[in-house]
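One structure is given below, encoded as structure tokens.
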Amino acid sequence: NARLTFQADLPDTSSVHLRASAIERLGFRIKRAAESTGLSVKAISDEFRARDTPIVEYNIRQDRRRQPLYKIHPGDRIRAVNQSENFAEMVKELHRASDNESELRLSLERELADVLEVPPTSALAAAAAPSALTTARQASDDEPEPEAAP
């Protein structure tokens, strides 16, 4: 699968209202990623109820720019938060951003399963080798056609 890596520069968090948890104030829920050092987006807040959150605001901005590929989605891996790359520091940065008025930069990565990729070399070799049916057709095409009687 191909990977998409992108930066999400979120608007400042000054308009964030109280939510259930500090990180939900940003507009998403996170979980520890499969690899022990990273984070993963678990869910995005509802666009209509959490329109004032930085994540939802960022996603709306991407829609307006007609760049839906760069919207933040559940399952995206968070590789860094404001230059912090380990789990504890990333969580700390998210809490700091939700408590204070600050800008937030997320480095994200997503697997793209629906991208056309170059097949492995063995598949290319098989595709390049003529099949028995193709060879038989070519042989019959090479034979001269009988001439019509006058």
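Each chain in the structure tokens gets a letter, A, B and so on, in the order shown; residues start at 1 in every chain, and ligands are counted from 1 in the order they appear.
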
Which polymer residues have any atom within 8 Å of an atom of Ala80 in chain A, counting only C-alpha atoms, with same-chain residues fewer than 5 positions away left out, as a PDB file with N, CA, C and O atoms, in the first residue's frame?
```pdb
ATOM      1  N   GLU A  85       7.900  13.660  19.129  1.00  0.00           N
ATOM      2  CA  GLU A  85       7.661  12.415  18.410  1.00  0.00           C
ATOM      3  C   GLU A  85       7.420  11.199  19.286  1.00  0.00           C
ATOM      4  O   GLU A  85       7.052  10.151  18.781  1.00  0.00           O
ATOM      5  N   ASN A  86       7.619  11.290  20.601  1.00  0.00           N
ATOM      6  CA  ASN A  86       7.331  10.101  21.402  1.00  0.00           C
ATOM      7  C   ASN A  86       5.967  10.243  22.077  1.00  0.00           C
ATOM      8  O   ASN A  86       5.439  11.341  22.245  1.00  0.00           O
ATOM      9  N   MET A  90       3.924  13.718  22.939  1.00  0.00           N
ATOM     10  CA  MET A  90       2.822  14.096  22.058  1.00  0.00           C
ATOM     11  C   MET A  90       1.552  14.347  22.867  1.00  0.00           C
ATOM     12  O   MET A  90       0.850  15.336  22.639  1.00  0.00           O
ATOM     13  N   LEU A 106       0.291  18.977  13.536  1.00  0.00           N
ATOM     14  CA  LEU A 106       0.307  17.523  13.575  1.00  0.00           C
ATOM     15  C   LEU A 106       0.979  17.002  12.317  1.00  0.00           C
ATOM     16  O   LEU A 106       0.686  17.464  11.218  1.00  0.00           O
ATOM     17  N   SER A 107       1.851  16.029  12.477  1.00  0.00           N
ATOM     18  CA  SER A 107       2.408  15.304  11.333  1.00  0.00           C
ATOM     19  C   SER A 107       1.666  13.977  11.281  1.00  0.00           C
ATOM     20  O   SER A 107       1.711  13.212  12.241  1.00  0.00           O
ATOM     21  N   LEU A 108       0.983  13.739  10.188  1.00  0.00           N
ATOM     22  CA  LEU A 108       0.109  12.576  10.068  1.00  0.00           C
ATOM     23  C   LEU A 108       0.541  11.663   8.939  1.00  0.00           C
ATOM     24  O   LEU A 108       1.182  12.103   7.979  1.00  0.00           O
TER      25      LEU A 108
END
```

Write out as a PDB file with N, CA and C atoms, in the first residue's frame the residues lying within 12 Å of Glu89 in chain A, counting only C-alpha atoms and excluding same-chain residues fewer than 6 positions away.
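Once written, out.pdb looks like this:
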```pdb
ATOM      1  N   THR A  37       5.191   3.677  20.272  1.00  0.00           N
ATOM      2  CA  THR A  37       5.623   5.058  20.438  1.00  0.00           C
ATOM      3  C   THR A  37       4.659   6.071  19.842  1.00  0.00           C
ATOM      4  N   GLY A  38       3.681   5.656  19.066  1.00  0.00           N
ATOM      5  CA  GLY A  38       2.849   6.612  18.346  1.00  0.00           C
ATOM      6  C   GLY A  38       1.427   6.723  18.836  1.00  0.00           C
ATOM      7  N   LEU A  39       0.726   7.639  18.203  1.00  0.00           N
ATOM      8  CA  LEU A  39      -0.690   7.859  18.463  1.00  0.00           C
ATOM      9  C   LEU A  39      -1.464   7.606  17.180  1.00  0.00           C
ATOM     10  N   ARG A  79       2.376  11.118  13.779  1.00  0.00           N
ATOM     11  CA  ARG A  79       3.814  10.876  13.886  1.00  0.00           C
ATOM     12  C   ARG A  79       4.505  11.914  14.763  1.00  0.00           C
ATOM     13  N   ALA A  80       3.955  13.131  14.829  1.00  0.00           N
ATOM     14  CA  ALA A  80       4.537  14.177  15.665  1.00  0.00           C
ATOM     15  C   ALA A  80       3.490  15.224  15.997  1.00  0.00           C
ATOM     16  N   VAL A  81       3.633  15.825  17.169  1.00  0.00           N
ATOM     17  CA  VAL A  81       2.794  16.941  17.593  1.00  0.00           C
ATOM     18  C   VAL A  81       3.749  18.064  17.971  1.00  0.00           C
ATOM     19  N   ASN A  82       3.720  19.160  17.215  1.00  0.00           N
ATOM     20  CA  ASN A  82       4.641  20.288  17.466  1.00  0.00           C
ATOM     21  C   ASN A  82       6.082  19.804  17.632  1.00  0.00           C
ATOM     22  N   GLN A  83       6.568  19.000  16.770  1.00  0.00           N
ATOM     23  CA  GLN A  83       7.939  18.477  16.762  1.00  0.00           C
ATOM     24  C   GLN A  83       8.195  17.356  17.779  1.00  0.00           C
ATOM     25  N   HIS A  95      -2.400  18.158  25.372  1.00  0.00           N
ATOM     26  CA  HIS A  95      -3.010  18.732  26.576  1.00  0.00           C
ATOM     27  C   HIS A  95      -2.656  20.220  26.696  1.00  0.00           C
ATOM     28  N   ARG A  96      -1.416  20.558  26.430  1.00  0.00           N
ATOM     29  CA  ARG A  96      -0.988  21.952  26.512  1.00  0.00           C
ATOM     30  C   ARG A  96      -1.769  22.811  25.521  1.00  0.00           C
TER      31      ARG A  96
END
```

### Task
Just give me the gap between CA of Lys42 in chain A and CA of Ile30 in chain A in Å, one decimal is fine.
4.8 Å

### Query
Quick one, how far is CA of Ala34 in chain A from CA of Ser98 in chain A?
24.7 Å

Excluding Glu111 in chain A and any residue of its chain fewer than 5 positions from it, enumerate the residues within 12 Å of it, using only C-alpha atoms, and give them as a PDB file with all heavy atoms, in the first residue's frame.
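Saved file part.pdb follows:
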```pdb
ATOM      1  N   ASN A   1       0.833  -1.195   0.000  1.00  0.00           N
ATOM      2  CA  ASN A   1       0.000   0.000   0.000  1.00  0.00           C
ATOM      3  C   ASN A   1       0.872   1.252   0.000  1.00  0.00           C
ATOM      4  O   ASN A   1       1.946   1.276   0.569  1.00  0.00           O
ATOM      5  CB  ASN A   1      -0.891   0.019   1.235  1.00  0.00           C
ATOM      6  CG  ASN A   1      -1.959  -1.037   1.176  1.00  0.00           C
ATOM      7  OD1 ASN A   1      -2.242  -1.607   0.130  1.00  0.00           O
ATOM      8  ND2 ASN A   1      -2.565  -1.320   2.307  1.00  0.00           N
ATOM      9  N   ALA A   2       0.348   2.292  -0.601  1.00  0.00           N
ATOM     10  CA  ALA A   2       1.040   3.576  -0.603  1.00  0.00           C
ATOM     11  C   ALA A   2       0.737   4.310   0.697  1.00  0.00           C
ATOM     12  O   ALA A   2      -0.244   4.018   1.367  1.00  0.00           O
ATOM     13  CB  ALA A   2       0.563   4.396  -1.793  1.00  0.00           C
ATOM     14  N   ARG A   3       1.607   5.256   1.040  1.00  0.00           N
ATOM     15  CA  ARG A   3       1.413   6.042   2.256  1.00  0.00           C
ATOM     16  C   ARG A   3       1.331   7.512   1.906  1.00  0.00           C
ATOM     17  O   ARG A   3       2.081   8.008   1.076  1.00  0.00           O
ATOM     18  CB  ARG A   3       2.591   5.871   3.201  1.00  0.00           C
ATOM     19  CG  ARG A   3       2.505   4.662   4.011  1.00  0.00           C
ATOM     20  CD  ARG A   3       3.437   4.758   5.212  1.00  0.00           C
ATOM     21  NE  ARG A   3       3.336   3.508   5.911  1.00  0.00           N
ATOM     22  CZ  ARG A   3       4.340   2.715   6.186  1.00  0.00           C
ATOM     23  NH1 ARG A   3       5.550   3.058   5.842  1.00  0.00           N
ATOM     24  NH2 ARG A   3       4.154   1.580   6.798  1.00  0.00           N
ATOM     25  N   LEU A   4       0.417   8.206   2.562  1.00  0.00           N
ATOM     26  CA  LEU A   4       0.298   9.651   2.445  1.00  0.00           C
ATOM     27  C   LEU A   4       0.799  10.242   3.754  1.00  0.00           C
ATOM     28  O   LEU A   4       0.349   9.855   4.830  1.00  0.00           O
ATOM     29  CB  LEU A   4      -1.168  10.049   2.224  1.00  0.00           C
ATOM     30  CG  LEU A   4      -1.467  11.537   2.298  1.00  0.00           C
ATOM     31  CD1 LEU A   4      -0.843  12.249   1.099  1.00  0.00           C
ATOM     32  CD2 LEU A   4      -2.960  11.775   2.345  1.00  0.00           C
ATOM     33  N   THR A   5       1.749  11.159   3.673  1.00  0.00           N
ATOM     34  CA  THR A   5       2.261  11.852   4.846  1.00  0.00           C
ATOM     35  C   THR A   5       1.992  13.334   4.638  1.00  0.00           C
ATOM     36  O   THR A   5       2.290  13.871   3.565  1.00  0.00           O
ATOM     37  CB  THR A   5       3.774  11.610   5.009  1.00  0.00           C
ATOM     38  OG1 THR A   5       3.994  10.194   5.091  1.00  0.00           O
ATOM     39  CG2 THR A   5       4.308  12.264   6.256  1.00  0.00           C
ATOM     40  N   PHE A   6       1.391  13.987   5.634  1.00  0.00           N
ATOM     41  CA  PHE A   6       1.080  15.405   5.499  1.00  0.00           C
ATOM     42  C   PHE A   6       1.097  16.105   6.844  1.00  0.00           C
ATOM     43  O   PHE A   6       1.044  15.472   7.885  1.00  0.00           O
ATOM     44  CB  PHE A   6      -0.266  15.605   4.788  1.00  0.00           C
ATOM     45  CG  PHE A   6      -1.465  15.060   5.518  1.00  0.00           C
ATOM     46  CD1 PHE A   6      -2.308  15.896   6.233  1.00  0.00           C
ATOM     47  CD2 PHE A   6      -1.774  13.707   5.471  1.00  0.00           C
ATOM     48  CE1 PHE A   6      -3.427  15.395   6.889  1.00  0.00           C
ATOM     49  CE2 PHE A   6      -2.892  13.203   6.113  1.00  0.00           C
ATOM     50  CZ  PHE A   6      -3.719  14.048   6.825  1.00  0.00           C
ATOM     51  N   LEU A  69      -8.407  14.798   0.525  1.00  0.00           N
ATOM     52  CA  LEU A  69      -7.368  13.821   0.837  1.00  0.00           C
ATOM     53  C   LEU A  69      -6.596  14.213   2.098  1.00  0.00           C
ATOM     54  O   LEU A  69      -6.104  13.368   2.825  1.00  0.00           O
ATOM     55  CB  LEU A  69      -6.404  13.692  -0.352  1.00  0.00           C
ATOM     56  CG  LEU A  69      -5.338  12.617  -0.271  1.00  0.00           C
ATOM     57  CD1 LEU A  69      -5.982  11.235  -0.222  1.00  0.00           C
ATOM     58  CD2 LEU A  69      -4.407  12.720  -1.460  1.00  0.00           C
ATOM     59  N   HIS A  73      -8.654  11.837   9.403  1.00  0.00           N
ATOM     60  CA  HIS A  73      -9.635  10.752   9.471  1.00  0.00           C
ATOM     61  C   HIS A  73      -9.305   9.791  10.609  1.00  0.00           C
ATOM     62  O   HIS A  73      -8.133   9.644  10.970  1.00  0.00           O
ATOM     63  CB  HIS A  73      -9.616   9.930   8.172  1.00  0.00           C
ATOM     64  CG  HIS A  73     -10.059  10.673   6.967  1.00  0.00           C
ATOM     65  ND1 HIS A  73     -11.366  10.934   6.698  1.00  0.00           N
ATOM     66  CD2 HIS A  73      -9.342  11.219   5.950  1.00  0.00           C
ATOM     67  CE1 HIS A  73     -11.456  11.598   5.567  1.00  0.00           C
ATOM     68  NE2 HIS A  73     -10.239  11.793   5.090  1.00  0.00           N
ATOM     69  N   PRO A  74     -10.322   9.096  11.123  1.00  0.00           N
ATOM     70  CA  PRO A  74     -10.032   8.010  12.076  1.00  0.00           C
ATOM     71  C   PRO A  74      -9.087   7.007  11.414  1.00  0.00           C
ATOM     72  O   PRO A  74      -9.216   6.705  10.231  1.00  0.00           O
ATOM     73  CB  PRO A  74     -11.401   7.387  12.338  1.00  0.00           C
ATOM     74  CG  PRO A  74     -12.366   8.499  12.073  1.00  0.00           C
ATOM     75  CD  PRO A  74     -11.764   9.276  10.929  1.00  0.00           C
ATOM     76  N   GLY A  75      -8.112   6.538  12.172  1.00  0.00           N
ATOM     77  CA  GLY A  75      -7.128   5.598  11.644  1.00  0.00           C
ATOM     78  C   GLY A  75      -5.825   6.259  11.231  1.00  0.00           C
ATOM     79  O   GLY A  75      -4.806   5.581  11.087  1.00  0.00           O
ATOM     80  N   ASP A  76      -5.841   7.580  11.022  1.00  0.00           N
ATOM     81  CA  ASP A  76      -4.590   8.274  10.684  1.00  0.00           C
ATOM     82  C   ASP A  76      -3.614   8.130  11.842  1.00  0.00           C
ATOM     83  O   ASP A  76      -4.000   8.201  13.003  1.00  0.00           O
ATOM     84  CB  ASP A  76      -4.838   9.764  10.430  1.00  0.00           C
ATOM     85  CG  ASP A  76      -5.524  10.040   9.103  1.00  0.00           C
ATOM     86  OD1 ASP A  76      -5.677   9.097   8.306  1.00  0.00           O
ATOM     87  OD2 ASP A  76      -5.899  11.201   8.871  1.00  0.00           O
ATOM     88  N   ARG A  77      -2.347   7.940  11.505  1.00  0.00           N
ATOM     89  CA  ARG A  77      -1.311   7.858  12.540  1.00  0.00           C
ATOM     90  C   ARG A  77      -0.708   9.236  12.757  1.00  0.00           C
ATOM     91  O   ARG A  77      -0.379   9.933  11.795  1.00  0.00           O
ATOM     92  CB  ARG A  77      -0.230   6.863  12.117  1.00  0.00           C
ATOM     93  CG  ARG A  77      -0.688   5.430  12.274  1.00  0.00           C
ATOM     94  CD  ARG A  77       0.411   4.433  11.933  1.00  0.00           C
ATOM     95  NE  ARG A  77       0.897   4.536  10.561  1.00  0.00           N
ATOM     96  CZ  ARG A  77       0.236   4.085   9.492  1.00  0.00           C
ATOM     97  NH1 ARG A  77      -0.928   3.504   9.636  1.00  0.00           N
ATOM     98  NH2 ARG A  77       0.750   4.200   8.287  1.00  0.00           N
TER      99      ARG A  77
END
```

### Query
CA of Pro68 in chain A to CA of Glu93 in chain A: how many Å, to one decimal?
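CA of Glu93 in chain A lies 25.9 Å from CA of Pro68 in chain A.
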